[in-house]
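Report on the following structure.
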4 protein chains.
Amino acid sequence: MIRFDNDYTEGAHPRIMEKLAETNEEQLPGYGRDHYSDEAKALITRLCDNDVDVHFMVGGTQANLTIISSALRTHQGVIAPDSGHIAADETGAIEATGHKVLVIENENGKISAAQIRDFVDGHWTSPIREHMAQPKMVCISQPTESGTMYSKQELEEVRQVCDDHNLHLMVDGARLGYALASEDNDVTLADLARLCDVFYIGGTKVGALFGEAVVISNSALKEDFRYIIKQKGGMLAKGRLLGIQFKVLFQDELYVNISRHALKMAKRLQEGFESKGINMHYPSPTNQLFPVLTTEQMDELSRKYAFQPWEELDEDRKVIRFCTSWSTKENDVEALIADIGKL
Amino acid sequence: MIRFDNDYTEGAHPRIMEKLAETNEEQLPGYGRDHYSDEAKALITRLCDNDVDVHFMVGGTQANLTIISSALRTHQGVIAPDSGHIAADETGAIEATGHKVLVIENENGKISAAQIRDFVDGHWTSPIREHMAQPKMVCISQPTESGTMYSKQELEEVRQVCDDHNLHLMVDGARLGYALASEDNDVTLADLARLCDVFYIGGTKVGALFGEAVVISNSALKEDFRYIIKQKGGMLAKGRLLGIQFKVLFQDELYVNISRHALKMAKRLQEGFESKGINMHYPSPTNQLFPVLTTEQMDELSRKYAFQPWEELDEDRKVIRFCTSWSTKENDVEALIADIGKL
Amino acid sequence: MIRFDNDYTEGAHPRIMEKLAETNEEQLPGYGRDHYSDEAKALITRLCDNDVDVHFMVGGTQANLTIISSALRTHQGVIAPDSGHIAADETGAIEATGHKVLVIENENGKISAAQIRDFVDGHWTSPIREHMAQPKMVCISQPTESGTMYSKQELEEVRQVCDDHNLHLMVDGARLGYALASEDNDVTLADLARLCDVFYIGGTKVGALFGEAVVISNSALKEDFRYIIKQKGGMLAKGRLLGIQFKVLFQDELYVNISRHALKMAKRLQEGFESKGINMHYPSPTNQLFPVLTTEQMDELSRKYAFQPWEELDEDRKVIRFCTSWSTKENDVEALIADIGKL
Amino acid sequence: MIRFDNDYTEGAHPRIMEKLAETNEEQLPGYGRDHYSDEAKALITRLCDNDVDVHFMVGGTQANLTIISSALRTHQGVIAPDSGHIAADETGAIEATGHKVLVIENENGKISAAQIRDFVDGHWTSPIREHMAQPKMVCISQPTESGTMYSKQELEEVRQVCDDHNLHLMVDGARLGYALASEDNDVTLADLARLCDVFYIGGTKVGALFGEAVVISNSALKEDFRYIIKQKGGMLAKGRLLGIQFKVLFQDELYVNISRHALKMAKRLQEGFESKGINMHYPSPTNQLFPVLTTEQMDELSRKYAFQPWEELDEDRKVIRFCTSWSTKENDVEALIADIGKL
């Protein structure tokens, strides 16, 4: 079985494995108070070109619930596209911290500044708004769960709505590398640090064994964040593991470089599908592809390849997700393309 | 200003006020351990014709959040129509207890057994269902927030889905009197007790100063319910106040009789609108009417009458809610009808 | 059975019952937006001599959990004496909103500024404080659950600690009338408004059918408080009921006057016990008495009187609570004293 | 600086690092559905000699809050010693899931069956028990936070109380290896599986990079546990990392063997202290030592060694914690002993 079902099918980038081995016997303080964590934070802070706090966490759902519950009062909710990870894929993790996810219908995984503005205006002009959860935060993903990206202008528009309505803006960057490395992208880490109150840089899906780097720009959200990491179960005793990994990823631009490989593989694969007349359901320029296959095509490919059924368009046409990643092998992509050609 | 904006614009039915005055000096145990509460419970239990527990609570949101949080494990959610009170009008009260409200699109305030079945099947057939809140309860309203009602057959079909999928069925009966008293209704309290795991009988909107009677049929949900009432802030020190009110309401069929008056008033008012060519947006046979008015008509009526804007159909046509109640005065209805005639 | 087991054994003061009856048919807006609520708030605001917000809630546990969850971020806890209502008598209501109650050992129901300072210093000087809930609020009761009171000086000292450590100070005044009316008291409503961030004035135990008036001085805590009342299930549809009651209680000093009666009765009863050589366990100058009885004495009195076992000192000596209230009848006290005399 | 401040100062056992490197490029399914996780579970299940479910989680606080919130209804609390990790060191993590930690005073880190029985009896015989969180679970640590252990007989007595009062028994085994390897220990994994409803085997402090293996015996607690892991942020995308580590630890008895080394080092160190006349505050037979040092001794040692201040006995005498671990170097211990000799 050759796996394209997600972007976490292998372990970590070899340089990370080497560094973990090399530092293994070093005695270090716990809970992220080690020098590797400090160095990794410094690297990220420099790229963010802003006065930010950086914290490392183990995974995405954990980062989402920790950030959101740290930022909201009990009656406040977070706006997200209905396709957003926090709305659709986290077993009610946000609600379990007491907060409603206020969903807006997505288009290709995105929601627009105008949609957000309408939603929030609707709240604040309602005479019975006290009977509704108060929108106080916006959580969008870059790239989205559909592989699409927000442009800098789109993010600036969203930021404007947030400023106008006193909302926090958060970006879930679980796959951020695959946006940063995209030719179509014009949003840098420094842009994110400037436009967001908080965002995170995903490691789990981009070269690390595990780990997300949370970057907080808003000083109100910086306060006491470590307490909340601990409370929500996210404070790793051997915080070094995260520091070391992110130090490796953010030295010599490894993070973006390995992401670029994933995009190259995705582009190659997309061409393979399209040359067979198979179209993409979402216009994704990143590492996730969503071809529309017939049931027969899907069954045929499933003999050799793992991929993820995404959505049924009708009885016979299904949207399927194929992921590439930093670790995707060129041979595997070529084998798949050859098999697509035979469909 | 003559008020039709909701069904709680006055105090309580005179017989309740009398009984409260008459018993005022009586010394009684606290927290609902008094004989009036016992007697009221016995009256309701008899009508439910089933082995039920009855508890009195102060209000609807409180009842909803107490019942739902008592019934669910942390990863479980409650299905409701998107128009349901728990989904739309309670400031995220259910989420604040940790549970996701899983919304299904309503039609005229209702959701069907087939919709629920599809939703739940979708969950249980998903290979990644562990990444989604597990549907474990269904909460619907009788009558609905749009004034419509479920028929006995519809409820039996919903019950069947619940049985097939191990779901609790809860009915929010904040306006239950106005369903019970409707000529179109074929669902009795005994039916509700048989078909639901738990439901409640609204007093606040049907003759009481305040209060809802929670009726629990499912023995698993009976256990320790008083602890949870206390924890959620709903255990009234002078529980007698609820016992006395519900005793009055359920003696001599007062509850249904005064509800019948509201329906008569609503019917009269609906005729008034329709004879002017103003149609109803929802086919409500109960005490809430939803005429579609032009902005001009709305403005004209708002000089003398209070009512609630509900929804904008377009620039000029608005759905408005008018409520009658047990206390609506015939003269006020006639005055309104006369003014509608002049529009 | 003559009841001294608590201070909510009867209904409401007759003037409240009259006013509720008199206003019963008046049509009013819901959710506390009526003119009675406004007038009651104005009366209380004037007595508080400060820029405060006033909100009415149904009960004490509800008020406690609403206030505390409105004021804390997820990682913060509330300091309370181990004898405090929120620590001991609310089924984990505060914890159910996500916050730890940080208990300090009480002396006669009170904790001192020095104890609080030590506790908070202990937190902030700990190198691993991020592993502990952060103390952010102090909740004490006036009078305490043991009937004792804080003096103005004691409260000022507590306030000083709160200022020094950025803590909110909250006073649970479920029985506040019985402190205000005490000869030993030097703390006014205006003092409470000045020294606390938030406190509440209990109606349930002091003349009302039910209801507590929450008084918020701290502007950060004022924001959006009505959302949170609604979310926690405490927003009464007929908010008028609370407005009317508190308007009556705070006109013509009714609140303090009827409290004075309870204290007179308590003093008389204490003399009855002491003249029989029965001593008080706590030095309560308010409406709760805690005589130490032998099992035999307790059994003898329990034939005619209801009271509450409080604590076992040893095999044969038990602390018992007797409450008087605004509604305690002089005859009943005299009868009890006579029976004490016969023990 | 030579570190004895905790038992997670290094990375992982070399065999784990090797296996992680060796398997790094293998493509595997996510979320713990890989064959390494299955094999590790099989190894642990065999040792537990019982029908158990095994789940791997990243850390201890995460395991505690996930297990406890999975097992309790909203009004239920968990009994723990006041020195227990969930009571003292987790930033209110349990309360943040809505549940009160019901503390019992520890003796040397332990609570007895008799203490638990008294506490629970106190609850169930109280006439106002509904006003208190209901004790439904007991959480103790093996070894305890003071380094002590429960004997098999003690655990059987605790189990008996749990059976009598329908309580779940949970053992926090964050340092379980250091109990299992102790000469004084008579409690096996099979005993724990038989006596507990749920417990976990700590990897973070015993040879792994990170990870705890949760073992569930009670079938009611097995249901849907993966949903709750996901909801609480504990479901690692690359679950393989945990499977691989625990497979290595539970092959060839590595887990107990490396623990034995820590105990040998601790014993040697204890002798060093005692030969200098420095006594232990707690009678710990495991890897944590709690010598009582003078401030001068502490300052002297702190120049070269990291250790953790634990408790102040008086102005001049302090309890200090020294930890050994699987990775403690004999040379470091000897150096420390030599320096102790010079104090």
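Quick note on naming: the chains in the structure tokens go A, B, ... in the order shown, residues restart at 1 in each chain, and ligands are numbered from 1 in order of appearance.
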
Mind checking which residues fall within 6 Å of Ala40 in chain A, counting only C-alpha atoms, ignoring those fewer than 4 positions away in the same chain, and posting them as a tab-separated table (two decimals) with N, CA, C and O atoms, in the first residue's frame?
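Result saved to result_18.tsv:
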```tsv
chain	number	residue	atom	x	y	z
A	243	GLY	N	11.41	22.04	20.97
A	243	GLY	CA	12.41	23.05	20.68
A	243	GLY	C	13.41	22.57	19.64
A	243	GLY	O	13.74	23.26	18.67
A	246	PHE	N	11.76	22.31	16.09
A	246	PHE	CA	11.50	23.58	15.41
A	246	PHE	C	12.79	24.35	15.12
A	246	PHE	O	12.85	25.11	14.16
A	247	LYS	N	13.81	24.10	15.95
A	247	LYS	CA	15.09	24.73	15.63
A	247	LYS	C	15.62	24.18	14.30
A	247	LYS	O	16.08	24.94	13.43
```

Write out as a list in words each polymer residue whose atoms come within 8 Å of Gly84 in chain A, counting only C-alpha atoms; drop sequence neighbours fewer than 2 positions from it.
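Answer for this query is Ala80, Pro81, Asp82, Ile86, Ala87, Ala88, Asp89, Gly109, Ile140, Ser141, Thr144 and Glu145 of chain A.
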
Could those residues be written to a file, using C-alpha atoms, as a PDB file, in the first residue's frame?
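Full text of result38.pdb as output:
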```
ATOM      1  CA  ALA A  80     -15.235  29.509  11.571  1.00  0.00           C
ATOM      2  CA  PRO A  81     -16.125  28.159   8.154  1.00  0.00           C
ATOM      3  CA  ASP A  82     -18.351  25.100   8.359  1.00  0.00           C
ATOM      4  CA  ILE A  86     -12.522  23.211  14.700  1.00  0.00           C
ATOM      5  CA  ALA A  87     -16.071  22.987  13.359  1.00  0.00           C
ATOM      6  CA  ALA A  88     -15.945  19.622  11.682  1.00  0.00           C
ATOM      7  CA  ASP A  89     -13.092  17.437  12.863  1.00  0.00           C
ATOM      8  CA  GLY A 109     -12.810  26.140   2.297  1.00  0.00           C
ATOM      9  CA  ILE A 140      -9.572  30.380   9.602  1.00  0.00           C
ATOM     10  CA  SER A 141      -6.999  27.984   8.188  1.00  0.00           C
ATOM     11  CA  THR A 144      -7.652  25.687   4.208  1.00  0.00           C
ATOM     12  CA  GLU A 145      -8.927  22.168   4.657  1.00  0.00           C
TER      13      GLU A 145
END
```

Can you pull out the residues contacting Tyr227 in chain C? Cut-off 7 Å, using only C-alpha atoms, and skip same-chain residues under 5 positions away; I want them as a list of chain:residue names.
A:His75, A:Glu130, A:His131, B:Thr91

Show me, as a PyMOL selection string, the residues of chain A whose atoms get within 12 Å of chain B, using only C-alpha atoms for the distance check.
chain A and resi 61+69+72-78+82+85-103+122-123+126-135+308-312

Here CA of Trp124 in chain A and CA of Gln297 in chain B stand apart by 25.1 Å

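Interatomic distance, CA of Met137 in chain C to CA of Cys162 in chain C: 8.0 Å.
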
Could you jot down the CA of Lys329 in chain B to CA of Glu10 in chain B separation for me, Å, one decimal place?
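Atom-to-atom, CA of Lys329 in chain B to CA of Glu10 in chain B, that is 11.1 Å.
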
Proximity to Ile244 in chain D - best of D:Met298, D:Ala63, D:Leu289, D:Ile16, only C-alpha atoms
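When distances to Ile244 in chain D are compared using only C-alpha atoms, the smallest one comes from D:Ile16.
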
Can you tell me, as a PyMOL selection string, which residues in range 60-191 of chain D count as alpha helix (DSSP H) by DSSP?
chain D and resi 60-71+85-88+93-96+113-124+152-165+176-180+189-191

Would you save the residues from that selection as a short mmCIF file (atom, residue, chain, number, x, y, z; two decimals), in the first residue's frame, using N, CA and C atoms?
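What ended up in result.cif:
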```
data_model
loop_
_atom_site.label_atom_id
_atom_site.label_comp_id
_atom_site.auth_asym_id
_atom_site.auth_seq_id
_atom_site.Cartn_x
_atom_site.Cartn_y
_atom_site.Cartn_z
N GLY D 60 0.92 12.98 31.21
CA GLY D 60 0.19 12.60 32.40
C GLY D 60 -1.03 13.46 32.68
N THR D 61 -0.89 14.76 32.64
CA THR D 61 -2.03 15.63 32.90
C THR D 61 -3.12 15.36 31.87
N GLN D 62 -2.70 15.20 30.64
CA GLN D 62 -3.63 14.88 29.57
C GLN D 62 -4.35 13.55 29.84
N ALA D 63 -3.60 12.55 30.28
CA ALA D 63 -4.22 11.26 30.60
C ALA D 63 -5.20 11.42 31.75
N ASN D 64 -4.79 12.14 32.78
CA ASN D 64 -5.66 12.30 33.94
C ASN D 64 -6.98 12.98 33.57
N LEU D 65 -6.89 14.08 32.87
CA LEU D 65 -8.13 14.81 32.57
C LEU D 65 -9.00 14.06 31.58
N THR D 66 -8.38 13.31 30.69
CA THR D 66 -9.17 12.54 29.72
C THR D 66 -9.89 11.39 30.41
N ILE D 67 -9.17 10.67 31.23
CA ILE D 67 -9.77 9.54 31.93
C ILE D 67 -10.89 10.01 32.85
N ILE D 68 -10.61 11.02 33.65
CA ILE D 68 -11.58 11.43 34.66
C ILE D 68 -12.82 12.02 34.00
N SER D 69 -12.63 12.85 32.99
CA SER D 69 -13.82 13.43 32.35
C SER D 69 -14.60 12.39 31.55
N SER D 70 -13.94 11.31 31.20
CA SER D 70 -14.68 10.25 30.48
C SER D 70 -15.54 9.43 31.42
N ALA D 71 -15.20 9.46 32.71
CA ALA D 71 -15.82 8.53 33.65
C ALA D 71 -16.91 9.14 34.52
N HIS D 85 -1.22 14.54 42.25
CA HIS D 85 -0.88 15.39 41.11
C HIS D 85 -2.11 16.13 40.61
N ILE D 86 -3.23 15.45 40.52
CA ILE D 86 -4.44 16.11 40.00
C ILE D 86 -4.93 17.20 40.94
N ALA D 87 -4.62 17.08 42.23
CA ALA D 87 -5.07 18.10 43.18
C ALA D 87 -4.12 19.29 43.22
N ALA D 88 -2.84 19.03 43.06
CA ALA D 88 -1.85 20.06 43.38
C ALA D 88 -1.05 20.60 42.20
N ALA D 93 -6.70 21.36 35.98
CA ALA D 93 -7.08 20.67 34.74
C ALA D 93 -8.37 19.86 34.90
N ILE D 94 -8.53 19.24 36.05
CA ILE D 94 -9.73 18.42 36.26
C ILE D 94 -10.94 19.34 36.40
N GLU D 95 -10.80 20.39 37.18
CA GLU D 95 -11.89 21.34 37.32
C GLU D 95 -12.25 21.96 35.97
N ALA D 96 -11.26 22.17 35.13
CA ALA D 96 -11.56 22.75 33.82
C ALA D 96 -12.43 21.83 32.97
N ALA D 113 -7.85 3.23 52.80
CA ALA D 113 -9.22 2.78 52.54
C ALA D 113 -10.17 3.33 53.60
N ALA D 114 -9.71 3.36 54.84
CA ALA D 114 -10.58 3.85 55.92
C ALA D 114 -10.92 5.33 55.71
N GLN D 115 -9.93 6.11 55.33
CA GLN D 115 -10.20 7.53 55.08
C GLN D 115 -11.21 7.71 53.94
N ILE D 116 -11.03 6.93 52.90
CA ILE D 116 -11.95 7.04 51.77
C ILE D 116 -13.35 6.64 52.20
N ARG D 117 -13.42 5.57 52.96
CA ARG D 117 -14.73 5.09 53.42
C ARG D 117 -15.42 6.17 54.27
N ASP D 118 -14.67 6.77 55.17
CA ASP D 118 -15.27 7.82 56.00
C ASP D 118 -15.80 8.97 55.15
N PHE D 119 -14.98 9.35 54.19
CA PHE D 119 -15.38 10.47 53.33
C PHE D 119 -16.67 10.14 52.59
N VAL D 120 -16.71 8.98 52.01
CA VAL D 120 -17.86 8.61 51.18
C VAL D 120 -19.08 8.37 52.05
N ASP D 121 -18.87 7.73 53.19
CA ASP D 121 -19.99 7.56 54.13
C ASP D 121 -20.55 8.92 54.53
N GLY D 122 -19.65 9.84 54.78
CA GLY D 122 -20.09 11.20 55.15
C GLY D 122 -20.99 11.79 54.08
N HIS D 123 -20.62 11.53 52.85
CA HIS D 123 -21.48 12.04 51.76
C HIS D 123 -22.84 11.38 51.77
N TRP D 124 -22.84 10.06 51.76
CA TRP D 124 -24.11 9.35 51.54
C TRP D 124 -25.04 9.41 52.73
N LYS D 152 -0.18 -4.41 47.97
CA LYS D 152 -1.31 -5.10 47.38
C LYS D 152 -2.50 -5.11 48.34
N GLN D 153 -2.19 -5.35 49.62
CA GLN D 153 -3.30 -5.39 50.57
C GLN D 153 -4.00 -4.04 50.68
N GLU D 154 -3.21 -2.99 50.71
CA GLU D 154 -3.82 -1.66 50.78
C GLU D 154 -4.70 -1.38 49.56
N LEU D 155 -4.21 -1.78 48.40
CA LEU D 155 -5.02 -1.55 47.19
C LEU D 155 -6.28 -2.40 47.22
N GLU D 156 -6.16 -3.61 47.76
CA GLU D 156 -7.36 -4.44 47.84
C GLU D 156 -8.39 -3.84 48.80
N GLU D 157 -7.89 -3.25 49.85
CA GLU D 157 -8.82 -2.57 50.77
C GLU D 157 -9.50 -1.37 50.10
N VAL D 158 -8.72 -0.61 49.35
CA VAL D 158 -9.31 0.52 48.63
C VAL D 158 -10.35 0.02 47.62
N ARG D 159 -9.99 -1.06 46.92
CA ARG D 159 -10.94 -1.65 45.95
C ARG D 159 -12.24 -2.04 46.64
N GLN D 160 -12.11 -2.57 47.85
CA GLN D 160 -13.31 -2.99 48.57
C GLN D 160 -14.23 -1.80 48.84
N VAL D 161 -13.63 -0.70 49.27
CA VAL D 161 -14.43 0.52 49.49
C VAL D 161 -15.10 0.94 48.19
N CYS D 162 -14.34 0.87 47.12
CA CYS D 162 -14.89 1.27 45.82
C CYS D 162 -16.05 0.37 45.42
N ASP D 163 -15.90 -0.92 45.66
CA ASP D 163 -17.00 -1.84 45.36
C ASP D 163 -18.22 -1.52 46.22
N ASP D 164 -17.96 -1.27 47.48
CA ASP D 164 -19.08 -1.02 48.40
C ASP D 164 -19.82 0.26 48.06
N HIS D 165 -19.12 1.21 47.48
CA HIS D 165 -19.75 2.52 47.24
C HIS D 165 -19.84 2.87 45.77
N LEU D 176 5.25 4.50 37.29
CA LEU D 176 4.92 3.15 37.70
C LEU D 176 6.13 2.21 37.67
N GLY D 177 6.99 2.38 36.70
CA GLY D 177 8.17 1.52 36.62
C GLY D 177 8.96 1.49 37.92
N TYR D 178 9.04 2.67 38.55
CA TYR D 178 9.85 2.76 39.77
C TYR D 178 9.17 2.11 40.98
N ALA D 179 7.89 1.83 40.87
CA ALA D 179 7.24 0.99 41.87
C ALA D 179 7.43 -0.48 41.50
N LEU D 180 7.14 -0.81 40.24
CA LEU D 180 7.23 -2.21 39.81
C LEU D 180 8.61 -2.80 40.08
N LEU D 189 1.42 -5.53 37.40
CA LEU D 189 0.49 -4.96 36.41
C LEU D 189 -0.83 -5.73 36.40
N ALA D 190 -0.74 -7.03 36.54
CA ALA D 190 -1.97 -7.82 36.56
C ALA D 190 -2.83 -7.46 37.77
N ASP D 191 -2.18 -7.20 38.89
CA ASP D 191 -2.95 -6.76 40.07
C ASP D 191 -3.65 -5.44 39.79
#
```

As a PyMOL selection string, please: the residues near range 254-264 of chain A (cut-off 10 Å, only C-alpha atoms, same-chain neighbours under 6 positions excluded).
chain A and resi 7+13+15+175-183+201-203+205-208+246-248+270+285-288+323-330

Picked from range 42-273 of chain D by DSSP as strand (DSSP E), as an MDAnalysis selection string
chainID D and resid 53:57 76:81 101:104 134:141 168:173 198:202 212:216

Near-range 276-283 of chain D list (9 Å; only C-alpha atoms; drop same-chain fewer than 4 positions) as a compact mmCIF listing (two decimals) with N, CA, C and O atoms, in the first residue's frame:
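Saved the output as part30.txt:
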```txt
# COMPACT_ATOMS: atom_id res chain seq x y z
N ASN D 108 2.27 10.69 54.06
CA ASN D 108 3.37 10.24 53.18
C ASN D 108 2.88 10.01 51.75
O ASN D 108 3.31 9.05 51.09
N GLY D 109 1.98 10.86 51.31
CA GLY D 109 1.52 10.78 49.92
C GLY D 109 0.36 9.84 49.68
O GLY D 109 -0.18 9.79 48.58
N SER D 146 5.17 11.34 46.85
CA SER D 146 6.18 11.34 47.91
C SER D 146 7.09 10.13 47.81
O SER D 146 7.89 9.85 48.71
N GLY D 147 6.96 9.38 46.74
CA GLY D 147 7.84 8.24 46.51
C GLY D 147 7.40 6.95 47.18
O GLY D 147 8.01 5.91 46.96
N THR D 148 6.36 7.01 47.97
CA THR D 148 5.88 5.82 48.67
C THR D 148 4.99 4.97 47.76
O THR D 148 4.60 5.40 46.68
N GLN D 270 20.67 7.73 48.83
CA GLN D 270 20.09 7.82 50.16
C GLN D 270 21.14 7.46 51.22
O GLN D 270 21.26 8.14 52.26
N GLU D 271 21.89 6.42 50.94
CA GLU D 271 22.97 6.05 51.86
C GLU D 271 23.95 7.20 52.04
O GLU D 271 24.43 7.47 53.14
N GLY D 272 24.25 7.87 50.93
CA GLY D 272 25.15 9.02 50.98
C GLY D 272 24.64 10.09 51.93
O GLY D 272 25.38 10.63 52.76
N LEU D 289 13.86 11.02 46.31
CA LEU D 289 14.33 11.12 47.70
C LEU D 289 14.03 12.51 48.22
O LEU D 289 14.12 13.49 47.47
N PHE D 290 13.68 12.58 49.49
CA PHE D 290 13.28 13.86 50.07
C PHE D 290 14.11 14.17 51.32
O PHE D 290 13.58 14.22 52.43
N PRO D 291 15.40 14.42 51.17
CA PRO D 291 16.24 14.72 52.33
C PRO D 291 15.86 16.08 52.92
O PRO D 291 15.38 16.97 52.20
N VAL D 292 16.11 16.22 54.21
CA VAL D 292 15.90 17.49 54.90
C VAL D 292 17.26 18.18 55.02
O VAL D 292 18.15 17.69 55.71
N LEU D 293 17.40 19.30 54.32
CA LEU D 293 18.68 20.02 54.33
C LEU D 293 18.54 21.36 55.04
O LEU D 293 17.45 21.93 55.11
N VAL D 319 12.73 20.57 53.00
CA VAL D 319 12.65 19.28 52.31
C VAL D 319 12.98 19.53 50.84
O VAL D 319 12.42 20.44 50.23
N ILE D 320 13.91 18.74 50.35
CA ILE D 320 14.36 18.88 48.96
C ILE D 320 14.09 17.58 48.23
O ILE D 320 14.20 16.51 48.82
N ILE D 340 28.20 15.69 49.16
CA ILE D 340 27.42 15.62 50.39
C ILE D 340 28.37 15.38 51.57
O ILE D 340 28.23 15.99 52.64
N GLY D 341 29.31 14.50 51.35
CA GLY D 341 30.28 14.19 52.42
C GLY D 341 31.04 15.41 52.90
O GLY D 341 31.40 15.52 54.07
N LYS D 342 31.21 16.35 51.98
CA LYS D 342 31.98 17.56 52.34
C LYS D 342 31.14 18.63 52.99
O LYS D 342 31.66 19.70 53.34
N LEU D 343 29.84 18.43 53.07
CA LEU D 343 28.97 19.50 53.60
C LEU D 343 29.33 19.85 55.04
O LEU D 343 29.59 18.96 55.85
```

Set the distance at 8 Å and use only C-alpha atoms: which residues neighbour Met235 in chain A once local chain neighbours fewer than 2 positions away are removed? I'd like the list as a ChimeraX atom specification.
/A:31,57,226,229-230,233,237,239

Got time to write the residues from that selection, N, CA and C atoms, as a JSON list (two decimals), in the first residue's frame?
```
[["chain", "number", "residue", "atom", "x", "y", "z"],
["A", 31, "TYR", "N", 9.72, 21.25, 30.55],
["A", 31, "TYR", "CA", 8.61, 22.15, 30.25],
["A", 31, "TYR", "C", 8.95, 23.30, 29.31],
["A", 57, "MET", "N", 3.48, 23.42, 21.02],
["A", 57, "MET", "CA", 2.50, 22.46, 21.50],
["A", 57, "MET", "C", 2.58, 21.19, 20.66],
["A", 226, "ARG", "N", 1.14, 30.02, 29.32],
["A", 226, "ARG", "CA", 1.71, 28.75, 29.78],
["A", 226, "ARG", "C", 0.84, 28.05, 30.82],
["A", 229, "ILE", "N", -1.68, 26.21, 28.66],
["A", 229, "ILE", "CA", -1.08, 25.02, 28.03],
["A", 229, "ILE", "C", -1.05, 23.87, 29.05],
["A", 230, "LYS", "N", -0.59, 24.20, 30.25],
["A", 230, "LYS", "CA", -0.51, 23.15, 31.28],
["A", 230, "LYS", "C", -1.89, 22.61, 31.61],
["A", 233, "GLY", "N", -3.44, 20.14, 29.28],
["A", 233, "GLY", "CA", -2.72, 18.89, 29.06],
["A", 233, "GLY", "C", -1.66, 18.96, 27.98],
["A", 237, "ALA", "N", 6.57, 17.46, 29.27],
["A", 237, "ALA", "CA", 7.65, 17.44, 30.26],
["A", 237, "ALA", "C", 8.99, 17.67, 29.55],
["A", 239, "GLY", "N", 9.95, 19.30, 26.96],
["A", 239, "GLY", "CA", 9.66, 20.34, 25.98],
["A", 239, "GLY", "C", 10.78, 20.47, 24.95]]
```
